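Chemist: Below is the file protein28.txt, with compact mmCIF, C-alpha atoms and all ligand atoms.
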```txt
# COMPACT_ATOMS: atom_id res chain seq x y z
CA MET C 1 32.31 76.20 85.17
CA ARG C 2 28.92 74.42 85.35
CA GLY C 3 29.28 73.39 81.72
CA ILE C 4 29.94 76.95 80.58
CA ASP C 5 33.14 77.28 78.55
CA THR C 6 35.47 80.06 79.63
CA VAL C 7 38.77 81.39 78.32
CA ILE C 8 41.04 83.68 80.37
CA ILE C 9 43.12 86.14 78.34
CA GLU C 10 45.87 87.64 80.52
CA LYS C 11 48.41 90.29 79.67
CA ARG C 12 51.04 89.18 82.20
CA SER C 13 52.89 85.94 82.82
CA ARG C 14 51.87 83.69 85.68
CA ASP C 15 55.17 84.37 87.46
CA TYR C 16 54.57 88.10 87.29
CA VAL C 17 51.04 87.79 88.66
CA LEU C 18 52.25 85.56 91.50
CA SER C 19 55.07 87.91 92.44
CA ARG C 20 52.81 90.87 93.19
CA ILE C 21 52.06 91.53 96.84
CA ARG C 22 48.60 92.87 97.55
CA ALA C 23 46.42 93.15 100.66
CA GLY C 24 45.60 90.21 102.85
CA VAL C 25 42.28 90.59 104.67
CA LEU C 26 39.36 88.54 103.33
CA GLU C 27 35.79 89.40 104.28
CA ARG C 28 33.46 86.60 105.29
CA GLY C 29 31.67 86.89 101.90
CA LEU C 30 34.88 86.12 100.03
CA VAL C 31 35.71 83.28 102.44
CA ASP C 32 32.26 81.78 101.72
CA LEU C 33 32.73 82.27 97.97
CA MET C 34 36.10 80.47 98.07
CA ARG C 35 34.46 77.57 99.94
CA GLU C 36 31.49 77.39 97.55
CA ALA C 37 33.87 77.38 94.59
CA GLY C 38 35.85 74.51 96.14
CA VAL C 39 39.12 76.47 96.31
CA SER C 40 39.36 77.02 100.06
CA GLU C 41 41.43 74.04 101.20
CA ARG C 42 44.74 75.88 101.71
CA MET C 43 43.04 79.06 102.93
CA ASP C 44 41.18 77.04 105.59
CA ARG C 45 44.47 75.38 106.60
CA GLU C 46 46.84 78.35 106.54
CA GLY C 47 44.63 81.43 106.84
CA LEU C 48 44.40 83.18 110.19
CA ILE C 49 40.98 84.03 111.59
CA HIS C 50 41.01 87.49 113.15
CA GLU C 51 38.33 88.52 115.64
CA GLY C 52 39.49 92.11 115.98
CA PHE C 53 42.15 94.72 115.29
CA ASP C 54 43.61 97.83 116.90
CA ILE C 55 43.59 101.49 116.01
CA ALA C 56 46.44 103.40 117.67
CA PHE C 57 46.46 107.14 118.29
CA SER C 58 47.89 109.40 121.00
CA ASP C 59 50.40 106.60 121.73
CA ARG C 60 47.69 104.11 122.76
CA CYS C 61 46.12 101.08 121.11
CA HIS C 62 42.33 100.99 121.03
CA HIS C 63 40.71 97.65 120.33
CA VAL C 64 37.98 96.99 117.79
CA ASP C 65 36.30 93.74 118.80
CA LEU C 66 34.91 92.72 115.41
CA ALA C 67 33.31 89.52 116.64
CA GLY C 68 31.75 91.12 119.72
CA LEU C 69 30.41 94.09 117.78
CA THR C 70 28.93 92.10 114.89
CA GLY C 71 27.50 89.03 116.62
CA GLY C 72 30.42 86.78 115.79
CA ALA C 73 31.70 87.87 112.38
CA THR C 74 35.45 87.61 111.72
CA VAL C 75 37.87 88.20 108.85
CA MET C 76 40.49 85.87 107.38
CA VAL C 77 44.09 87.02 107.05
CA TYR C 78 45.33 85.30 103.88
CA GLY C 79 47.34 87.09 101.18
CA GLN C 80 45.72 88.03 97.89
CA THR C 81 48.77 86.50 96.20
CA GLU C 82 47.87 83.17 97.84
CA VAL C 83 44.25 83.45 96.65
CA THR C 84 45.58 84.00 93.13
CA ARG C 85 47.88 80.98 93.45
CA ASP C 86 44.96 78.78 94.58
CA LEU C 87 42.82 79.98 91.67
CA PHE C 88 45.63 79.19 89.17
CA ASP C 89 45.93 75.69 90.68
CA ALA C 90 42.16 75.15 90.46
CA ARG C 91 42.15 76.38 86.87
CA ASP C 92 44.94 73.91 86.01
CA ALA C 93 43.08 71.07 87.74
CA MET C 94 40.01 71.66 85.55
CA ASN C 95 42.17 71.97 82.42
CA GLY C 96 40.92 75.52 82.03
CA ILE C 97 42.43 77.66 79.30
CA ILE C 98 44.60 80.64 80.28
CA ILE C 99 46.24 82.50 77.42
CA ASP C 100 48.96 84.51 79.14
CA GLU C 101 51.30 87.24 77.88
CA ALA C 102 48.62 88.36 75.44
CA GLU C 103 49.24 91.81 73.97
CA GLU C 104 46.86 94.45 72.63
CA VAL C 105 43.86 92.70 74.18
CA LEU C 106 40.64 94.39 73.04
CA PRO C 107 36.95 93.52 73.56
CA GLN C 108 35.13 94.13 70.27
CA GLN C 109 31.53 94.37 69.04
CA VAL C 110 30.35 94.27 72.62
CA ASP C 111 27.02 95.89 71.73
CA SER C 112 26.20 93.07 69.31
CA ASP C 113 25.26 89.50 70.16
CA ARG C 114 28.52 88.30 68.58
CA PRO C 115 31.24 89.96 70.65
CA TYR C 116 34.83 88.83 70.49
CA VAL C 117 38.20 89.59 72.03
CA SER C 118 41.18 90.24 69.81
CA PHE C 119 44.79 90.05 70.99
CA ARG C 120 48.32 89.52 69.74
CA LYS C 121 50.55 86.68 70.80
CA GLY C 122 53.63 85.14 69.18
CA GLY C 123 53.65 87.84 66.49
CA LYS C 124 50.12 86.94 65.32
CA THR C 125 46.67 88.45 65.85
CA HIS C 126 44.08 86.09 67.34
CA ARG C 127 40.43 86.36 68.20
CA VAL C 128 38.14 84.53 70.62
CA ASP C 129 34.45 84.64 69.70
CA CYS C 130 32.13 84.41 72.67
CA GLN C 131 28.75 85.28 74.12
CA PHE C 132 29.90 87.44 77.02
CA ILE C 133 33.07 89.24 78.06
CA ALA C 134 34.08 89.93 81.67
CA GLY C 135 36.41 92.94 81.64
CA CYS C 136 38.73 92.22 84.57
CA ASP C 137 41.81 94.04 83.32
CA GLY C 138 42.34 96.45 86.18
CA TYR C 139 42.62 100.20 86.45
CA HIS C 140 45.08 100.47 83.55
CA GLY C 141 43.13 98.06 81.33
CA VAL C 142 41.20 98.88 78.14
CA SER C 143 37.82 97.34 78.98
CA ARG C 144 36.50 100.45 80.67
CA THR C 145 37.36 102.59 77.63
CA VAL C 146 35.31 100.32 75.37
CA ILE C 147 32.17 101.82 76.95
CA PRO C 148 31.49 104.92 74.82
CA SER C 149 32.29 108.14 76.67
CA ALA C 150 28.75 109.39 76.06
CA VAL C 151 27.47 106.44 78.10
CA ARG C 152 30.06 106.21 80.84
CA GLN C 153 30.49 108.44 83.82
CA ILE C 154 33.69 108.31 85.88
CA TYR C 155 33.83 109.44 89.51
CA GLU C 156 37.36 109.82 90.78
CA LYS C 157 39.34 111.21 93.71
CA THR C 158 43.08 111.04 94.26
CA TYR C 159 44.79 111.50 97.59
CA PRO C 160 48.21 113.18 97.36
CA ILE C 161 49.92 110.47 99.42
CA GLY C 162 51.12 106.89 98.96
CA TRP C 163 51.67 103.73 100.99
CA LEU C 164 55.18 102.38 101.20
CA GLY C 165 54.91 98.65 101.97
CA VAL C 166 57.51 96.18 103.21
CA LEU C 167 57.19 92.40 103.45
CA SER C 168 59.68 90.70 105.75
CA ASP C 169 60.35 87.29 107.25
CA THR C 170 60.12 88.58 110.79
CA PRO C 171 57.57 87.72 113.48
CA PRO C 172 54.70 90.25 113.42
CA VAL C 173 54.80 92.93 116.11
CA SER C 174 51.24 92.00 117.09
CA GLU C 175 48.94 89.04 116.50
CA GLU C 176 46.26 91.45 115.36
CA LEU C 177 46.52 94.28 112.83
CA ILE C 178 47.33 97.76 114.14
CA TYR C 179 46.21 100.81 112.13
CA VAL C 180 48.18 103.82 113.38
CA HIS C 181 47.18 107.48 113.25
CA HIS C 182 50.26 109.58 114.01
CA PRO C 183 51.35 113.20 113.44
CA ARG C 184 54.15 111.90 111.18
CA GLY C 185 51.62 109.99 109.08
CA PHE C 186 49.63 106.78 108.99
CA ALA C 187 51.19 103.35 109.56
CA LEU C 188 49.83 99.81 109.44
CA CYS C 189 51.18 96.63 111.02
CA SER C 190 49.83 93.57 109.24
CA LEU C 191 50.99 90.02 108.74
CA ARG C 192 50.84 86.93 106.59
CA SER C 193 51.81 84.26 109.15
CA ALA C 194 53.53 83.81 112.52
CA THR C 195 56.86 84.41 110.76
CA ARG C 196 55.99 86.88 108.01
CA SER C 197 55.05 90.53 108.52
CA ARG C 198 53.62 93.17 106.24
CA TYR C 199 54.08 96.82 107.26
CA TYR C 200 53.07 100.05 105.57
CA ILE C 201 53.81 103.72 106.19
CA GLN C 202 52.18 106.74 104.59
CA CYS C 203 54.65 108.50 102.27
CA ASP C 204 54.55 111.45 99.86
CA SER C 205 52.97 110.63 96.52
CA SER C 206 56.25 111.70 94.91
CA ALA C 207 58.34 109.35 97.10
CA GLN C 208 61.05 107.38 95.29
CA LEU C 209 61.50 103.76 96.33
CA GLU C 210 65.31 103.99 95.99
CA THR C 211 65.44 106.61 98.73
CA TRP C 212 63.79 104.24 101.20
CA SER C 213 66.45 101.86 102.49
CA ASP C 214 65.21 99.11 104.81
CA ASN C 215 66.84 100.94 107.69
CA ARG C 216 65.09 104.20 106.92
CA PHE C 217 61.76 102.36 106.64
CA TRP C 218 62.12 100.61 110.02
CA GLU C 219 63.22 103.81 111.77
CA GLU C 220 60.24 105.73 110.40
CA LEU C 221 57.82 102.93 111.26
CA LYS C 222 59.14 102.80 114.84
CA ARG C 223 58.65 106.54 115.27
CA ARG C 224 54.96 106.17 114.39
CA LEU C 225 54.15 103.12 116.54
CA PRO C 226 52.98 103.34 120.15
CA GLU C 227 56.01 102.98 122.42
CA SER C 228 55.21 99.43 123.53
CA ALA C 229 54.91 98.20 119.94
CA ALA C 230 58.02 100.09 118.80
CA ALA C 231 60.00 98.45 121.60
CA SER C 232 59.04 94.92 120.54
CA LEU C 233 59.26 95.43 116.75
CA VAL C 234 61.54 92.86 115.15
CA THR C 235 63.18 94.18 111.98
CA GLY C 236 64.94 92.35 109.17
CA PRO C 237 65.66 92.53 105.45
CA SER C 238 62.69 93.36 103.23
CA ILE C 239 61.69 90.64 100.77
CA GLU C 240 59.42 93.02 98.89
CA LYS C 241 59.10 96.79 98.97
CA SER C 242 56.72 98.88 96.90
CA ILE C 243 54.77 102.13 96.82
CA ALA C 244 51.03 102.17 96.15
CA PRO C 245 49.11 105.31 95.21
CA LEU C 246 45.82 106.14 96.96
CA ARG C 247 42.86 106.66 94.70
CA SER C 248 39.08 106.28 94.65
CA MET C 249 37.34 105.66 91.30
CA VAL C 250 34.02 104.30 90.11
CA VAL C 251 32.75 103.99 86.56
CA GLU C 252 29.03 103.78 85.84
CA PRO C 253 27.47 101.73 84.38
CA ILE C 254 29.65 98.65 84.64
CA ARG C 255 27.78 96.79 81.92
CA TYR C 256 27.67 97.79 78.30
CA GLY C 257 26.00 95.31 75.96
CA ARG C 258 27.82 92.03 76.41
CA LEU C 259 30.75 93.50 78.32
CA PHE C 260 30.67 93.29 82.12
CA LEU C 261 33.35 95.11 84.09
CA ALA C 262 34.54 93.68 87.41
CA GLY C 263 37.21 94.54 89.96
CA ASP C 264 39.69 97.38 89.45
CA ALA C 265 38.55 97.85 85.84
CA ALA C 266 35.30 99.18 87.34
CA HIS C 267 36.43 100.74 90.60
CA ILE C 268 39.44 101.56 92.76
CA VAL C 269 39.46 102.02 96.51
CA PRO C 270 42.33 103.42 98.59
CA PRO C 271 43.94 100.48 100.45
CA THR C 272 42.78 101.42 103.98
CA GLY C 273 40.45 98.62 105.08
CA ALA C 274 41.59 96.20 102.36
CA LYS C 275 38.41 96.32 100.28
CA GLY C 276 39.89 96.01 96.77
CA LEU C 277 40.05 92.23 96.46
CA ASN C 278 36.82 91.78 98.41
CA LEU C 279 34.91 94.04 96.03
CA ALA C 280 36.39 92.32 92.98
CA ALA C 281 35.23 89.02 94.43
CA SER C 282 31.68 90.22 95.12
CA ASP C 283 31.44 91.58 91.55
CA ILE C 284 32.46 88.16 90.25
CA GLY C 285 30.06 86.44 92.67
CA PHE C 286 27.16 88.49 91.24
CA LEU C 287 28.31 88.01 87.65
CA SER C 288 28.83 84.27 87.87
CA GLN C 289 25.38 83.81 89.46
CA ALA C 290 23.83 85.90 86.69
CA LEU C 291 25.61 83.92 83.96
CA VAL C 292 24.61 80.58 85.47
CA ARG C 293 21.01 81.80 85.58
CA PHE C 294 21.19 82.84 81.95
CA PHE C 295 22.65 79.56 80.74
CA THR C 296 20.59 77.19 82.90
CA GLU C 297 17.21 78.97 82.96
CA ALA C 298 17.43 81.29 79.93
CA ASP C 299 16.72 84.09 82.43
CA GLU C 300 18.50 87.31 81.52
CA SER C 301 17.17 89.44 84.40
CA ALA C 302 20.19 88.97 86.69
CA LEU C 303 22.53 90.02 83.86
CA THR C 304 20.37 93.09 83.29
CA ASP C 305 20.50 93.90 87.01
CA TYR C 306 24.26 93.25 87.39
CA SER C 307 25.46 96.82 87.04
CA ALA C 308 22.97 98.40 89.46
CA LYS C 309 23.29 95.58 92.00
CA ALA C 310 27.10 95.52 92.02
CA LEU C 311 27.30 99.34 92.12
CA ARG C 312 25.15 99.53 95.25
CA ARG C 313 27.73 97.45 97.09
CA ILE C 314 30.68 99.16 95.39
CA TRP C 315 29.59 102.62 96.54
CA LYS C 316 29.20 101.46 100.13
CA ALA C 317 32.74 100.04 100.12
CA GLU C 318 33.96 103.23 98.42
CA ARG C 319 32.40 105.25 101.21
CA PHE C 320 33.99 103.09 103.91
CA SER C 321 37.47 103.10 102.32
CA TRP C 322 37.30 106.88 101.83
CA TRP C 323 36.12 107.36 105.44
CA MET C 324 38.81 105.14 106.93
CA THR C 325 41.47 106.82 104.78
CA ARG C 326 40.43 110.29 105.94
CA LEU C 327 40.13 109.17 109.54
CA LEU C 328 43.67 107.83 109.80
CA HIS C 329 46.00 109.72 107.44
CA GLN C 330 47.68 113.10 107.51
CA LEU C 331 46.38 114.70 104.34
CA PRO C 332 48.45 117.64 103.08
CA ALA C 333 45.35 119.79 102.48
CA ALA C 334 43.98 119.34 106.02
CA ASP C 335 43.84 122.60 107.97
CA SER C 336 43.83 122.94 111.76
CA PHE C 337 40.02 122.65 111.86
CA ASP C 338 40.12 119.39 109.87
CA GLN C 339 42.76 118.06 112.28
CA ARG C 340 40.58 118.76 115.31
CA ILE C 341 37.60 117.11 113.62
CA GLN C 342 39.75 114.06 112.90
CA LYS C 343 40.80 113.85 116.55
CA ALA C 344 37.19 114.27 117.69
CA GLU C 345 36.10 111.53 115.31
CA LEU C 346 38.70 109.09 116.69
CA GLU C 347 37.67 109.92 120.26
CA TYR C 348 33.98 109.60 119.40
CA LEU C 349 34.61 106.23 117.75
CA PHE C 350 36.07 104.73 120.91
CA SER C 351 33.41 106.26 123.18
CA SER C 352 30.41 105.03 121.22
CA ARG C 353 29.39 101.45 120.68
CA ALA C 354 27.14 102.59 117.81
CA ALA C 355 30.12 104.14 116.02
CA LEU C 356 32.24 101.03 116.59
CA VAL C 357 29.45 98.75 115.33
CA SER C 358 29.34 100.80 112.14
CA LEU C 359 33.10 100.45 111.67
CA ALA C 360 33.03 96.74 112.48
CA GLU C 361 30.14 95.81 110.18
CA ASN C 362 31.81 97.55 107.27
CA TYR C 363 35.20 96.02 108.05
CA VAL C 364 33.93 92.42 108.12
CA GLY C 365 31.97 93.16 104.93
CA LEU C 366 28.45 94.35 104.22
CA ALA C 367 25.89 91.81 103.08
CA LEU C 368 25.97 90.68 99.46
CA GLU C 369 22.16 91.38 99.34
C1 LIG Z 401 46.72 94.82 104.52
C2 LIG Z 401 46.44 95.82 103.63
C3 LIG Z 401 45.45 96.71 103.90
O1 LIG Z 401 45.15 97.68 103.04
C4 LIG Z 401 44.72 96.65 105.07
O2 LIG Z 401 43.75 97.56 105.32
C5 LIG Z 401 45.00 95.65 105.96
C6 LIG Z 401 46.01 94.74 105.68
C7 LIG Z 401 47.80 93.85 104.24
O3 LIG Z 401 48.46 93.96 103.21
O4 LIG Z 401 47.99 92.94 105.05
```
Mind turning this structure into structure tokens?

Modeler:
Amino acid sequence: MRGIDTVIIEKRSRDYVLSRIRAGVLERGLVDLMREAGVSERMDREGLIHEGFDIAFSDRCHHVDLAGLTGGATVMVYGQTEVTRDLFDARDAMNGIIIDEAEEVLPQQVDSDRPYVSFRKGGKTHRVDCQFIAGCDGYHGVSRTVIPSAVRQIYEKTYPIGWLGVLSDTPPVSEELIYVHHPRGFALCSLRSATRSRYYIQCDSSAQLETWSDNRFWEELKRRLPESAAASLVTGPSIEKSIAPLRSMVVEPIRYGRLFLAGDAAHIVPPTGAKGLNLAASDIGFLSQALVRFFTEADESALTDYSAKALRRIWKAERFSWWMTRLLHQLPAADSFDQRIQKAELEYLFSSRAALVSLAENYVGLALE
């Protein structure tokens, strides 16, 4: 990258990474970043530009006209798995190094100017000496724990529910996404293409995947959809089925010495609104700019500012994901007052352009600053 040598050390195999299904809504900032990085060719060919989506409640769909509310902004429906595939291909094309299936990966001496990463592979211990380490090893990774506990503060909230997701080669029930608020629980109709659908339903956090046959999933989804959508839903065998927990988490700061956290290593959002990948990408956008500045102009200020700058955006996306989650789900702890407030909030949303503009500008992605 711009004459800066990089090595990727990855715990999993490429096949494993490419088999995971994640969200599929890219904010305009990520679309621009993909184009700037020269990795947008397939996304621009196959991705679907969405100008709006629906929120359904009380058996009716209510439209959110993203483009109309934001002065023309849209989102791109393109699976995170496909983004990952394109990045692997670009990495191969530049003969970039990826060490995969690395075990016991650990950033070391990060508060010195000679940090390194140690790992085990093929029965041997290896080390990569470097100037900087980007800790992009996800929520379960070790990078975050390398920041001493006296320095790091963790803010966390768990929601006692999960999302059960199904991917199927069936035509989507709607061209646009439908987020559904229903007494039986939240549901989401999403898609990957004209022939591939992605659906989710809220489930208990203790739900066992084995107890959810395809048939049971489709029946439950249908019960939550507005009648017109339920009637036109095309079902078929699932090609992937998984349960995702709902959690919010932020660690502060996200820089310690020469270690810079990015993505899920630094923060988790609940899936509602599909902010996880978009936030990871804006972290990396900030970090890569800061590194280029350091190496080309010997200017360290952007690296110094990275944590505070990225966290400002992270907290706004945390707020939005938390808000959208609370707006649309049935949370076990909600009492009858909370339920009335939730109903009032949904009704307010669709009676106020100001409220809809706020939703829309967050959904398409807040400015990168
Ligand atoms: C998808 C996931 C989301 O969390 C969301 O808000 C929208 C779409 C998806 O997987 O397509």

Chemist: Residues up to 9 Å from ligand LIG 401 (chain Z), counting only C-alpha atoms and all ligand atoms: could you list those as a PyMOL selection string?

Modeler: chain C and resi 21-25+77-80+165+167+177-179+188-192+197-200+270-276+321

Chemist: Which residue gives the smallest distance to Ile254 of chain C among C:Ser118, C:Thr304, C:Ser351, C:Gln330, with all atoms listed in the file counted?

Modeler: C:Thr304

Chemist: Residues around (49.5, 107.7, 99.3), cut-off 7 Å, counting all atoms listed in the file - what are they as a compact mmCIF listing (two decimals) with C-alpha atoms, keeping the file's coordinate frame?

Modeler:
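Result file follows (out25.txt):
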```txt
# COMPACT_ATOMS: atom_id res chain seq x y z
CA TYR C 159 44.79 111.50 97.59
CA PRO C 160 48.21 113.18 97.36
CA ILE C 161 49.92 110.47 99.42
CA GLY C 162 51.12 106.89 98.96
CA TRP C 163 51.67 103.73 100.99
CA GLN C 202 52.18 106.74 104.59
CA CYS C 203 54.65 108.50 102.27
CA ASP C 204 54.55 111.45 99.86
CA SER C 205 52.97 110.63 96.52
CA ALA C 244 51.03 102.17 96.15
CA PRO C 245 49.11 105.31 95.21
CA LEU C 246 45.82 106.14 96.96
```

Chemist: What separation in Å, quoted to one decimal, exists between atom CA of Ile284 of chain C and atom CA of Asp65 of chain C?

Modeler: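 Separation of atom CA of Ile284 of chain C and atom CA of Asp65 of chain C: 29.3 Å.
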
Chemist: Counting only C-alpha atoms, what is within 9 Å of Ala56 of chain C, bar same-chain residues fewer than 2 positions away, as a VMD selection string?

Modeler: chain C and resid 54 58 to 63 178 to 182 225 to 226

Chemist: Could you list, as a PyMOL selection string, every residue within 8 Å of Tyr139 of chain C, counting all atoms listed in the file and ignoring same-chain residues fewer than 5 positions away?

Modeler: chain C and resi 264-268

Chemist: Please compute the atom CA of Pro237 of chain C-atom CA of Leu328 of chain C distance, one decimal, in Å.

Modeler: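 Computing the Euclidean distance for atom CA of Pro237 of chain C and atom CA of Leu328 of chain C yields 27.1 Å.
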
Chemist: Could you pull the residues within 12 Å of Arg223 of chain C, counting all atoms listed in the file, minus those fewer than 4 positions along the same chain, as an NGL selection string?

Modeler: :C and (59 or 180-187 or 201 or 216-219 or 227-231 or 233)

Chemist: Between C:Val83, C:Ala262, C:Leu279, C:Val364, single out the one closest to Gly68 of chain C, counting all atoms listed in the file.

Modeler: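 That would be C:Val364, the residue with the smallest distance to Gly68 of chain C.
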
Chemist: Counting all atoms listed in the file, which residue out of C:Leu368, C:Ile239, C:Leu311, C:Ala317 sits closest to Thr170 of chain C?

Modeler: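 Under the stated criterion, the closest residue is C:Ile239.
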
Chemist: I'd like the interatomic distance between atom CA of Met324 of chain C and atom CA of Gly365 of chain C, to a tenth of an Å.

Modeler: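 Straight-line distance from atom CA of Met324 of chain C to atom CA of Gly365 of chain C works out to 13.9 Å.
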
Chemist: Any idea what's packed within 9 Å of segment 286-291 of chain C, counting all atoms listed in the file, ignoring anything in its chain fewer than 5 positions away? Could you give it as a PyMOL selection string?

Modeler: chain C and resi 4+132+134+260+262+281+296+299-306+309-310+368

Chemist: C:Ser242, C:Ser13, C:Gln153, C:Thr70: which is nearest Val357 of chain C, counting only C-alpha atoms?

Modeler: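 For Val357 of chain C, the nearest of the given residues is C:Thr70.
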
Chemist: Can you tell me which residues surround segment 143-152 of chain C at a distance of at most 6 Å, considering all atoms listed in the file, apart from same-chain residues fewer than 2 positions away, and format the answer as a PyMOL selection string?

Modeler: chain C and resi 135+141+252

Chemist: Nearest residue to Pro107 of chain C out of C:Leu209, C:Ile243, C:Leu261, C:Ile49, using only C-alpha atoms?

Modeler: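 Selected residue with least distance to Pro107 of chain C: C:Leu261.
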
Chemist: Around all of segment 310-328 of chain C's listed atoms, make the axis-aligned box with 6 Å on each side and tell me centre and edge lengths in Å to one decimal, as AutoDock Vina command-line options.

Modeler:
```
--center_x 34.4 --center_y 102.9 --center_z 100.9 --size_x 30.5 --size_y 26.8 --size_z 29.8
```

Chemist: Nearest to Glu361 of chain C among C:Ala67, C:Leu327, C:Val234, C:Cys130, with distances taken over only C-alpha atoms: which residue is it?

Modeler: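 Selected residue with least distance to Glu361 of chain C: C:Ala67.
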